[in-house]
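Enquirer: What follows is the file start_27.txt, containing compact mmCIF, C-alpha atoms:
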# COMPACT_ATOMS: atom_id res chain seq x y z
CA MET A 501 3.89 3.51 9.28
CA ARG A 502 3.53 5.60 12.40
CA LYS A 503 4.32 6.10 16.06
CA SER A 504 6.93 3.76 17.52
CA LEU A 505 7.58 1.96 14.22
CA LYS A 506 8.37 5.25 12.49
CA THR A 507 11.20 5.80 14.97
CA CYS A 508 12.19 2.16 14.56
CA LEU A 509 12.53 2.55 10.79
CA MET A 510 15.03 5.34 11.23
CA SER A 511 17.39 2.85 12.89
CA THR A 512 18.91 -0.30 11.47
CA ALA A 513 16.75 -3.36 10.94
CA LEU A 514 18.73 -5.31 13.52
CA THR A 515 18.21 -2.65 16.16
CA CYS A 516 14.51 -2.58 15.35
CA LEU A 517 14.18 -6.32 15.80
CA VAL A 518 15.77 -6.09 19.21
CA ALA A 519 13.63 -3.15 20.25
CA VAL A 520 10.29 -4.54 19.09
CA ALA A 521 9.15 -8.02 20.06
CA SER A 522 7.85 -10.28 17.32
CA PRO A 523 4.05 -10.42 17.32
CA THR A 524 1.95 -13.51 17.57
CA ASN A 525 0.31 -14.54 14.33
CA ALA A 526 -3.02 -12.76 13.94
CA ALA A 527 -5.64 -13.74 11.38
CA LEU A 528 -7.13 -10.83 9.46
CA THR A 529 -10.77 -11.77 8.78
CA LEU A 530 -13.52 -10.16 6.75
CA THR A 531 -16.37 -8.68 8.74
CA ALA A 532 -20.01 -9.26 7.81
CA ALA A 533 -19.98 -5.86 6.09
CA GLY A 534 -16.89 -6.79 4.09
CA ILE A 535 -18.46 -10.03 2.90
CA ALA A 536 -21.73 -8.31 1.98
CA ASP A 537 -19.82 -5.66 0.04
CA GLY A 538 -18.20 -8.31 -2.16
CA PHE A 539 -14.66 -8.33 -0.78
CA THR A 540 -12.50 -11.43 -0.59
CA LEU A 541 -9.37 -11.81 1.53
CA SER A 542 -6.53 -14.31 1.36
CA GLN A 543 -3.09 -14.63 2.91
CA PHE A 544 -0.21 -14.06 0.51
CA TYR A 545 2.70 -14.33 2.97
CA ASP A 546 2.98 -15.56 6.55
CA ASP A 547 6.00 -14.80 8.74
CA PRO A 548 4.99 -14.61 12.42
CA GLY A 549 8.61 -14.85 13.61
CA ALA A 550 9.67 -11.46 12.25
CA TYR A 551 8.34 -7.95 12.73
CA TYR A 552 7.52 -6.91 9.17
CA GLY A 553 9.24 -9.79 7.41
CA ILE A 554 7.94 -8.08 4.27
CA LEU A 555 7.18 -4.37 4.38
CA GLY A 556 7.07 -3.02 0.83
CA LEU A 557 6.50 -5.07 -2.31
CA ALA A 558 5.66 -4.74 -6.00
CA VAL A 559 4.78 -7.09 -8.85
CA THR A 560 6.40 -7.21 -12.29
CA PRO A 561 4.29 -7.89 -15.41
CA GLY A 562 5.67 -11.44 -15.42
CA GLY A 563 4.23 -12.16 -12.00
CA THR A 564 7.36 -11.88 -9.85
CA VAL A 565 6.94 -10.21 -6.48
CA VAL A 566 9.92 -8.07 -5.46
CA ALA A 567 9.88 -7.44 -1.72
CA ALA A 568 11.73 -5.49 0.94
CA GLY A 569 12.60 -8.02 3.65
CA TYR A 570 12.74 -5.33 6.27
CA ALA A 571 13.03 -7.52 9.39
CA ARG A 572 16.03 -9.49 8.12
CA ASN A 573 17.55 -6.66 6.05
CA GLN A 574 17.22 -8.63 2.80
CA PHE A 575 15.85 -8.44 -0.73
CA TYR A 576 13.37 -11.13 -1.85
CA THR A 577 11.60 -12.35 -4.94
CA LEU A 578 8.56 -14.62 -4.66
CA PRO A 579 5.96 -16.03 -7.05
CA ASP A 580 2.69 -14.12 -7.11
CA VAL A 581 0.77 -17.01 -5.54
CA ASP A 582 -0.93 -17.05 -2.15
CA GLY A 583 0.40 -19.21 0.66
CA GLN A 584 4.02 -17.98 0.64
CA THR A 585 6.27 -18.20 3.72
CA PHE A 586 9.90 -17.41 4.45
CA ALA A 587 10.70 -21.00 3.47
CA THR A 588 9.18 -20.59 0.00
CA ILE A 589 11.02 -17.39 -1.00
CA THR A 590 12.47 -17.96 -4.47
CA THR A 591 15.65 -15.92 -4.10
CA MET A 592 17.08 -13.57 -1.52
CA ALA A 593 20.15 -11.43 -0.94
CA ALA A 594 21.50 -9.24 1.81
CA ALA A 595 20.48 -5.60 1.56
CA PRO A 596 22.96 -2.79 2.25
CA GLY A 597 20.60 -1.47 4.90
CA ASN A 598 16.94 -0.72 5.68
CA PRO A 599 14.96 -1.72 2.56
CA ARG A 600 11.44 -0.35 2.96
CA GLU A 601 9.36 0.87 0.05
CA VAL A 602 8.87 -0.74 -3.36
CA ALA A 603 6.98 0.44 -6.44
CA ALA A 604 6.87 -0.74 -10.04
CA VAL A 605 6.30 0.92 -13.40
CA GLY A 606 5.96 -1.97 -15.81
CA SER A 607 9.09 -4.07 -15.47
CA THR A 608 11.05 -1.27 -13.76
CA VAL A 609 11.10 -1.75 -9.99
CA TYR A 610 12.02 1.02 -7.57
CA MET A 611 13.09 0.47 -3.96
CA THR A 612 14.17 2.79 -1.17
CA VAL A 613 17.20 1.66 0.85
CA ASN A 614 18.37 3.86 3.70
CA GLY A 615 15.99 6.48 2.34
CA ALA A 616 17.67 6.63 -1.08
CA TYR A 617 15.77 5.96 -4.31
CA ASN A 618 17.03 3.13 -6.53
CA THR A 619 16.00 0.86 -9.32
CA ILE A 620 16.49 -2.79 -8.40
CA ASN A 621 17.14 -5.67 -10.78
CA PRO A 622 14.79 -8.51 -9.72
CA GLY A 623 17.22 -11.11 -11.02
CA THR A 624 20.45 -9.92 -9.42
CA PHE A 625 19.14 -7.49 -6.76
CA ALA A 626 21.65 -4.93 -8.07
CA LEU A 627 20.71 -1.40 -7.06
CA THR A 628 21.12 1.57 -9.39
CA PRO A 629 20.74 4.89 -7.53
CA LEU A 630 18.52 7.58 -8.97
CA VAL A 631 21.38 10.05 -8.69
CA THR A 632 19.30 12.79 -10.27
CA VAL A 633 17.41 13.37 -6.97
CA PRO A 634 20.22 13.49 -4.38
CA ALA A 635 18.57 16.25 -2.33
CA THR A 636 15.46 14.17 -1.73
CA SER A 637 15.26 11.17 0.57
CA SER A 638 12.22 9.03 1.24
CA SER A 639 10.61 8.70 4.64
CA LEU A 640 7.25 6.96 4.80
CA GLY A 641 5.64 6.15 1.47
CA LEU A 642 6.22 5.44 -2.23
CA TRP A 643 3.78 4.88 -5.10
CA ALA A 644 4.10 4.77 -8.89
CA ASN A 645 1.68 7.06 -10.69
CA PRO A 646 0.02 4.73 -13.25
CA VAL A 647 -0.52 7.58 -15.74
CA THR A 648 2.67 9.66 -15.64
CA GLU A 649 4.98 6.84 -14.46
CA HIS A 650 6.41 9.26 -11.91
CA LEU A 651 7.11 8.32 -8.29
CA ILE A 652 4.95 9.87 -5.58
CA SER A 653 6.81 9.83 -2.28
CA SER A 654 6.68 11.06 1.27
CA SER A 655 10.10 12.64 1.62
CA ASN A 656 12.26 15.00 3.62
CA ARG A 657 11.07 17.74 1.24
CA GLY A 658 7.38 16.97 1.68
CA LEU A 659 4.99 14.94 -0.45
CA VAL A 660 6.74 14.99 -3.83
CA ASP A 661 6.30 14.00 -7.46
CA ILE A 662 9.58 12.66 -8.90
CA ASP A 663 10.21 12.15 -12.60
CA PRO A 664 12.74 9.26 -12.61
CA ALA A 665 13.82 10.10 -16.17
CA THR A 666 14.83 13.70 -15.48
CA GLY A 667 15.08 13.96 -11.72
CA ALA A 668 12.58 16.81 -11.64
CA VAL A 669 10.92 17.09 -8.22
CA ILE A 670 7.65 18.94 -7.58
CA VAL A 671 6.39 19.38 -4.01
CA ILE A 672 2.67 18.59 -3.99
CA GLY A 673 1.99 18.40 -0.27
CA PRO A 674 3.48 18.98 3.17
CA GLY A 675 5.83 16.68 5.03
CA GLY A 676 4.71 13.87 7.31
CA ALA A 677 2.60 11.95 4.80
CA ASP A 678 2.19 8.25 5.51
CA GLY A 679 0.63 5.48 3.45
CA VAL A 680 0.99 7.28 0.10
CA THR A 681 -1.22 6.27 -2.83
CA VAL A 682 -2.40 7.74 -6.15
CA SER A 683 -5.82 7.81 -7.77
CA PRO A 684 -6.13 5.51 -10.82
CA ASP A 685 -6.46 8.53 -13.12
CA GLY A 686 -3.13 9.87 -11.83
CA THR A 687 -4.51 13.21 -10.63
CA ILE A 688 -4.60 12.96 -6.81
CA ALA A 689 -2.00 11.83 -4.28
CA TYR A 690 -3.36 10.64 -0.95
CA GLY A 691 -1.57 10.26 2.36
CA GLU A 692 -2.25 9.98 6.06
CA PHE A 693 -1.65 13.24 7.92
CA GLY A 694 -2.25 13.30 11.68
CA GLY A 695 -4.95 10.64 11.61
CA ALA A 696 -6.76 12.00 8.53
CA ILE A 697 -6.59 10.90 4.89
CA VAL A 698 -5.80 13.95 2.76
CA GLY A 699 -5.65 14.22 -1.05
CA TYR A 700 -3.52 16.69 -3.00
CA SER A 701 -3.71 17.61 -6.66
CA ILE A 702 -0.83 16.26 -8.76
CA THR A 703 -1.74 17.83 -12.07
CA THR A 704 -1.00 21.33 -13.28
CA PRO A 705 -1.83 24.17 -13.11
CA ASN A 706 -2.38 23.73 -9.38
CA PRO A 707 -0.23 20.91 -8.00
CA GLY A 708 -0.28 20.81 -4.22
CA ILE A 709 -3.83 22.10 -3.76
CA PRO A 710 -5.65 20.00 -1.12
CA VAL A 711 -8.74 18.49 -2.73
CA TYR A 712 -9.90 16.05 -0.04
CA ASN A 713 -9.71 15.76 3.75
CA SER A 714 -11.43 12.97 5.67
CA GLY A 715 -10.98 14.65 9.04
CA THR A 716 -9.68 12.71 12.03
CA GLY A 717 -13.03 11.22 12.97
CA ILE A 718 -12.39 8.02 11.01
CA GLY A 719 -10.17 6.69 13.84
CA HIS A 720 -8.39 3.30 13.84
CA SER A 721 -4.97 4.92 13.24
CA PRO A 722 -4.97 4.89 9.41
CA ASP A 723 -1.88 4.06 7.38
CA GLY A 724 -1.56 2.58 3.86
CA THR A 725 -4.33 3.38 1.37
CA GLY A 726 -5.55 2.20 -2.04
CA ILE A 727 -8.29 3.52 -4.33
CA ILE A 728 -11.04 1.29 -5.74
CA SER A 729 -11.87 1.37 -9.46
CA GLY A 730 -15.17 -0.08 -10.62
CA SER A 731 -17.84 -1.87 -8.57
CA ALA A 732 -20.38 -0.03 -6.42
CA PHE A 733 -17.48 1.48 -4.47
CA ASP A 734 -15.66 3.20 -7.33
CA GLY A 735 -13.46 6.00 -5.93
CA GLN A 736 -13.68 4.83 -2.34
CA ILE A 737 -10.54 4.30 -0.29
CA ILE A 738 -9.22 1.14 1.34
CA VAL A 739 -7.36 1.97 4.56
CA ASN A 740 -4.89 -0.42 6.22
CA ASN A 741 -5.07 0.55 9.89
CA ASN A 742 -2.47 0.28 12.62
CA ASP A 743 -5.03 -1.32 14.97
CA GLY A 744 -5.33 -4.48 12.85
CA THR A 745 -8.46 -3.48 10.95
CA VAL A 746 -9.10 -2.60 7.31
CA GLY A 747 -11.53 0.18 6.49
CA LEU A 748 -13.59 1.23 3.47
CA LEU A 749 -13.65 5.03 3.48
CA ASP A 750 -16.34 6.83 1.49
CA PRO A 751 -14.93 10.26 0.54
CA ALA A 752 -18.44 11.57 -0.09
CA THR A 753 -19.46 11.07 3.54
CA ASN A 754 -16.12 10.54 5.36
CA ILE A 755 -17.63 7.39 6.88
CA GLU A 756 -15.28 4.45 7.33
CA THR A 757 -16.80 0.97 7.41
CA ILE A 758 -14.59 -1.77 8.87
CA ILE A 759 -14.47 -4.58 6.32
CA ALA A 760 -11.81 -6.73 8.03
CA SER A 761 -10.53 -7.06 11.59
CA GLY A 762 -8.48 -9.25 13.90
CA GLY A 763 -5.15 -8.68 12.17
CA SER A 764 -1.82 -7.48 13.49
CA ARG A 765 -0.56 -3.93 12.99
CA GLY A 766 -1.30 -2.79 9.43
CA ASP A 767 1.07 -0.63 7.41
CA TYR A 768 1.96 -0.27 3.70
CA VAL A 769 -0.22 -1.45 0.84
CA ALA A 770 0.74 -2.23 -2.77
CA PRO A 771 -1.23 -2.87 -5.97
CA ASP A 772 -1.02 -6.11 -7.90
CA GLN A 773 -1.74 -4.90 -11.41
CA THR A 774 -1.71 -8.43 -12.82
CA ASN A 775 -5.03 -9.21 -11.12
CA GLY A 776 -6.40 -5.99 -9.59
CA SER A 777 -5.89 -6.99 -5.96
CA LEU A 778 -4.29 -4.97 -3.17
CA PHE A 779 -1.54 -6.30 -0.89
CA LEU A 780 -1.88 -5.32 2.78
CA SER A 781 1.33 -5.54 4.80
CA THR A 782 0.86 -6.31 8.49
CA ALA A 783 3.35 -6.94 11.28
CA ASP A 784 3.35 -10.71 10.81
CA SER A 785 2.01 -11.33 7.31
CA VAL A 786 0.86 -9.92 3.97
CA TRP A 787 -2.78 -10.24 2.88
CA ARG A 788 -4.47 -9.90 -0.52
CA LEU A 789 -7.74 -8.00 -0.80
CA LYS A 790 -10.06 -8.13 -3.83
CA ILE A 791 -13.40 -6.51 -4.65
CA ALA A 792 -15.99 -8.16 -6.87
CA GLY A 793 -16.40 -6.29 -10.14
CA GLY A 794 -13.51 -3.90 -9.51
CA THR A 795 -9.82 -3.41 -8.83
CA ILE A 796 -7.96 -1.80 -5.94
CA GLY A 797 -4.93 0.43 -6.16
CA GLY A 798 -4.21 0.17 -9.86
CA GLY A 799 -4.98 -1.68 -13.07
CA GLY A 800 -5.59 -5.34 -13.63
CA THR A 801 -8.64 -7.47 -14.31
CA PRO A 802 -11.62 -6.98 -11.98
CA ALA A 803 -12.36 -9.88 -9.67
CA PRO A 804 -15.42 -11.85 -10.87
CA GLU A 805 -18.68 -11.63 -9.05
CA PRO A 806 -19.04 -14.57 -6.62
CA ALA A 807 -21.63 -17.19 -7.56
CA SER A 808 -23.82 -16.16 -4.67
CA MET A 809 -23.75 -12.57 -5.85
CA ALA A 810 -24.65 -13.62 -9.37
CA LEU A 811 -27.88 -15.14 -8.07
CA ILE A 812 -29.08 -11.84 -6.74
CA GLY A 813 -27.20 -9.45 -9.03
CA VAL A 814 -25.36 -6.67 -7.26
CA GLY A 815 -28.17 -6.02 -4.80
CA LEU A 816 -26.12 -6.48 -1.65
CA VAL A 817 -23.36 -4.23 -2.90
CA GLY A 818 -25.80 -1.58 -4.03
CA LEU A 819 -27.68 -1.64 -0.75
CA ALA A 820 -24.42 -1.36 1.15
CA ALA A 821 -23.45 1.70 -0.86
CA VAL A 822 -26.86 3.31 -0.24
CA ARG A 823 -26.53 2.48 3.45
CA ARG A 824 -23.29 4.48 3.63
CA ARG A 825 -24.62 7.43 1.67
CA ARG A 826 -27.58 7.70 4.03
CA ALA A 827 -25.57 7.17 7.22
What is this structure when it is put down as structure tokens?
Expert:
Amino acid sequence: MRKSLKTCLMSTALTCLVAVASPTNAALTLTAAGIADGFTLSQFYDDPGAYYGILGLAVTPGGTVVAAGYARNQFYTLPDVDGQTFATITTMAAAPGNPREVAAVGSTVYMTVNGAYNTINPGTFALTPLVTVPATSSSLGLWANPVTEHLISSSNRGLVDIDPATGAVIVIGPGGADGVTVSPDGTIAYGEFGGAIVGYSITTPNPGIPVYNSGTGIGHSPDGTGIISGSAFDGQIIVNNNDGTVGLLDPATNIETIIASGGSRGDYVAPDQTNGSLFLSTADSVWRLKIAGGTIGGGGTPAPEPASMALIGVGLVGLAAVRRRRA
């Protein structure tokens, strides 16, 4: 979430809707490289009449999607089934202001509202403030560490690790991080800094040590990110770009391959740990990305190999990986 939208998010949702015109519906489509690499893409939510009708979202173990209805300043729950629209939202309620980021640890769902951290009850939408961290407010990213069950957040104090149980806050990176994510092993927090994807160590004894920097040459105005587990692209980074593309970033080479294009402005991402897919929020819709033989952004069951891939094994995926390593 960058540039003009970052300023927009600091205001009320109503002001933002007036200031930013609603986009036309844009269809995010896999590129030839994305298809060859074994990715599949489907539309989870479509809302072309609102600028970020859904911004942040998370999935409970029971398959309920809890979403921040940023454009309309509302809370939503939806079934975890593709093809959702504003008309098919299961329940909704007015938010007290500016709901943005959502993350889940099991059945516990966290949401930032007006920059404050809360748990939210998916049934009643009641917010319970995390009063143990009053000196820290969120700015542009929130992720649940799958190992420690801590919250990793871009905040007014920098990139931080928050223990919701105790309120302990450890600064693990500088301020300004966007599109925060965590490696599946819980050891590295990634964020966008000035057009580069940078990773910082979470674990002791050296939290806050930079361990990866893509450099700014990847382009496309990167934002939300998610890490792949399994498949030929294990450890590589999905990047939801502001220019309506989705990239596959190889941290070994810092080469980004565009695997989807044609979408509207990309922003946050979120893991669906019930099935291993990654939600990609864009200005007019939310998309679901899967990778054959792996998961993206968290746990879940790897997507099966497509029938066409089964006929030739994983040759296409393997060749694609070799292509990037040699590029």
Enquirer: Tell me which of A:Tyr690, A:Gly798, A:Ile652, A:Ala783 sits closest to Ala571 of chain A, counting all atoms listed in the file.
Expert: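 Looking only at the distances to Ala571 of chain A, the closest residue turns out to be A:Ala783.
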Enquirer: List as a list of chain:residue names the protein and nucleic acid residues near Ser653 of chain A, meaning an atom at most 8 Å away when only C-alpha atoms are counted, but skip any in the same chain fewer than 3 places from it.
Expert: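 My reading of the contact set: A:Ser638, A:Ser639, A:Leu640, A:Gly641, A:Leu642, A:Trp643, A:Leu659, A:Val660, A:Asp661, A:Ile662, A:Val680.
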Enquirer: Which residue gives the smallest distance to Ala689 of chain A among A:Pro622, A:Gly538, A:Gly606, A:Gly797, with all atoms listed in the file counted?
Expert: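 The shortest atom-to-atom distance to Ala689 of chain A comes from A:Gly797.
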Enquirer: Enclose all atoms of segment 677-693 of chain A listed in the file in an axis-aligned box, grow every side by 8 Å, and hand back centre and edge lengths in Å to one decimal, as lines of an AutoDock Vina configuration file.
Expert:
center_x = -1.9
center_y = 9.4
center_z = -2.6
size_x = 25.1
size_y = 23.8
size_z = 37.0
Enquirer: Could you tell me how far atom CA of Ala532 of chain A sits from atom CA of Val581 of chain A, in Å to one decimal place?
Expert: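 Atom CA of Ala532 of chain A lies 25.9 Å from atom CA of Val581 of chain A.
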Enquirer: At what distance in Å, to one decimal, does atom CA of Ala587 of chain A lie from atom CA of Asn614 of chain A?
Expert: 26.0 Å
Enquirer: The residues within 10 Å of (-2.4, 11.8, 11.1), using all atoms listed in the file and the coordinates of the file, should be reported as a ChimeraX atom specification; which are they?
Expert: /A:502,676-678,691-698,715-716,719,721-723
Enquirer: Could you please determine the separation between atom CA of Pro771 of chain A and atom CA of Leu557 of chain A in Å, to one decimal place?
Expert: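 Going from atom CA of Pro771 of chain A over to atom CA of Leu557 of chain A, I get 8.8 Å.
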Enquirer: Using only C-alpha atoms, which residues sit within 10 Å of segment 663-670 of chain A once same-chain residues fewer than 5 positions away are excluded, as a PDB file with C-alpha atoms, in the frame of the given file?
Expert:
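The file below, part_33.pdb, is the result:
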ATOM      1  CA  TYR A 610      12.020   1.020  -7.570  1.00  0.00           C
ATOM      2  CA  TYR A 617      15.770   5.960  -4.310  1.00  0.00           C
ATOM      3  CA  ASN A 618      17.030   3.130  -6.530  1.00  0.00           C
ATOM      4  CA  THR A 619      16.000   0.860  -9.320  1.00  0.00           C
ATOM      5  CA  LEU A 630      18.520   7.580  -8.970  1.00  0.00           C
ATOM      6  CA  VAL A 631      21.380  10.050  -8.690  1.00  0.00           C
ATOM      7  CA  THR A 632      19.300  12.790 -10.270  1.00  0.00           C
ATOM      8  CA  VAL A 633      17.410  13.370  -6.970  1.00  0.00           C
ATOM      9  CA  PRO A 634      20.220  13.490  -4.380  1.00  0.00           C
ATOM     10  CA  ALA A 635      18.570  16.250  -2.330  1.00  0.00           C
ATOM     11  CA  THR A 636      15.460  14.170  -1.730  1.00  0.00           C
ATOM     12  CA  THR A 648       2.670   9.660 -15.640  1.00  0.00           C
ATOM     13  CA  GLU A 649       4.980   6.840 -14.460  1.00  0.00           C
ATOM     14  CA  HIS A 650       6.410   9.260 -11.910  1.00  0.00           C
ATOM     15  CA  LEU A 651       7.110   8.320  -8.290  1.00  0.00           C
ATOM     16  CA  ILE A 652       4.950   9.870  -5.580  1.00  0.00           C
ATOM     17  CA  ARG A 657      11.070  17.740   1.240  1.00  0.00           C
ATOM     18  CA  GLY A 658       7.380  16.970   1.680  1.00  0.00           C
ATOM     19  CA  ILE A 702      -0.830  16.260  -8.760  1.00  0.00           C
ATOM     20  CA  PRO A 707      -0.230  20.910  -8.000  1.00  0.00           C
ATOM     21  CA  GLY A 708      -0.280  20.810  -4.220  1.00  0.00           C
TER      22      GLY A 708
END
Enquirer: Of the candidates A:Phe539, A:Tyr576, A:Phe544, A:Tyr712, which one gets nearest to Thr753 of chain A if we count all atoms listed in the file?
Expert: A:Tyr712
Enquirer: Could you check the closest approach to Pro548 of chain A for each of A:Gly793, A:Pro804, A:Gly763, A:Gly623 and tell me which residue wins, using all atoms listed in the file?
Expert: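 With all atoms listed in the file as the atom set, the closest residue is A:Gly763.
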Enquirer: Which protein, DNA or RNA residues have an atom at most 12 Å from (-21.8, -8.5, 5.5), counting only C-alpha atoms? List them as a PyMOL selection string.
Expert: chain A and resi 529-540+757-760+816-817+819-820
Enquirer: With all atoms listed in the file as the basis for distance, which of A:Leu528, A:Ala550, A:Val769, A:Ala752 is at the shortest distance from Gly726 of chain A?
Expert: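 Once distances to Gly726 of chain A are computed over all atoms listed in the file, the minimum belongs to A:Val769.
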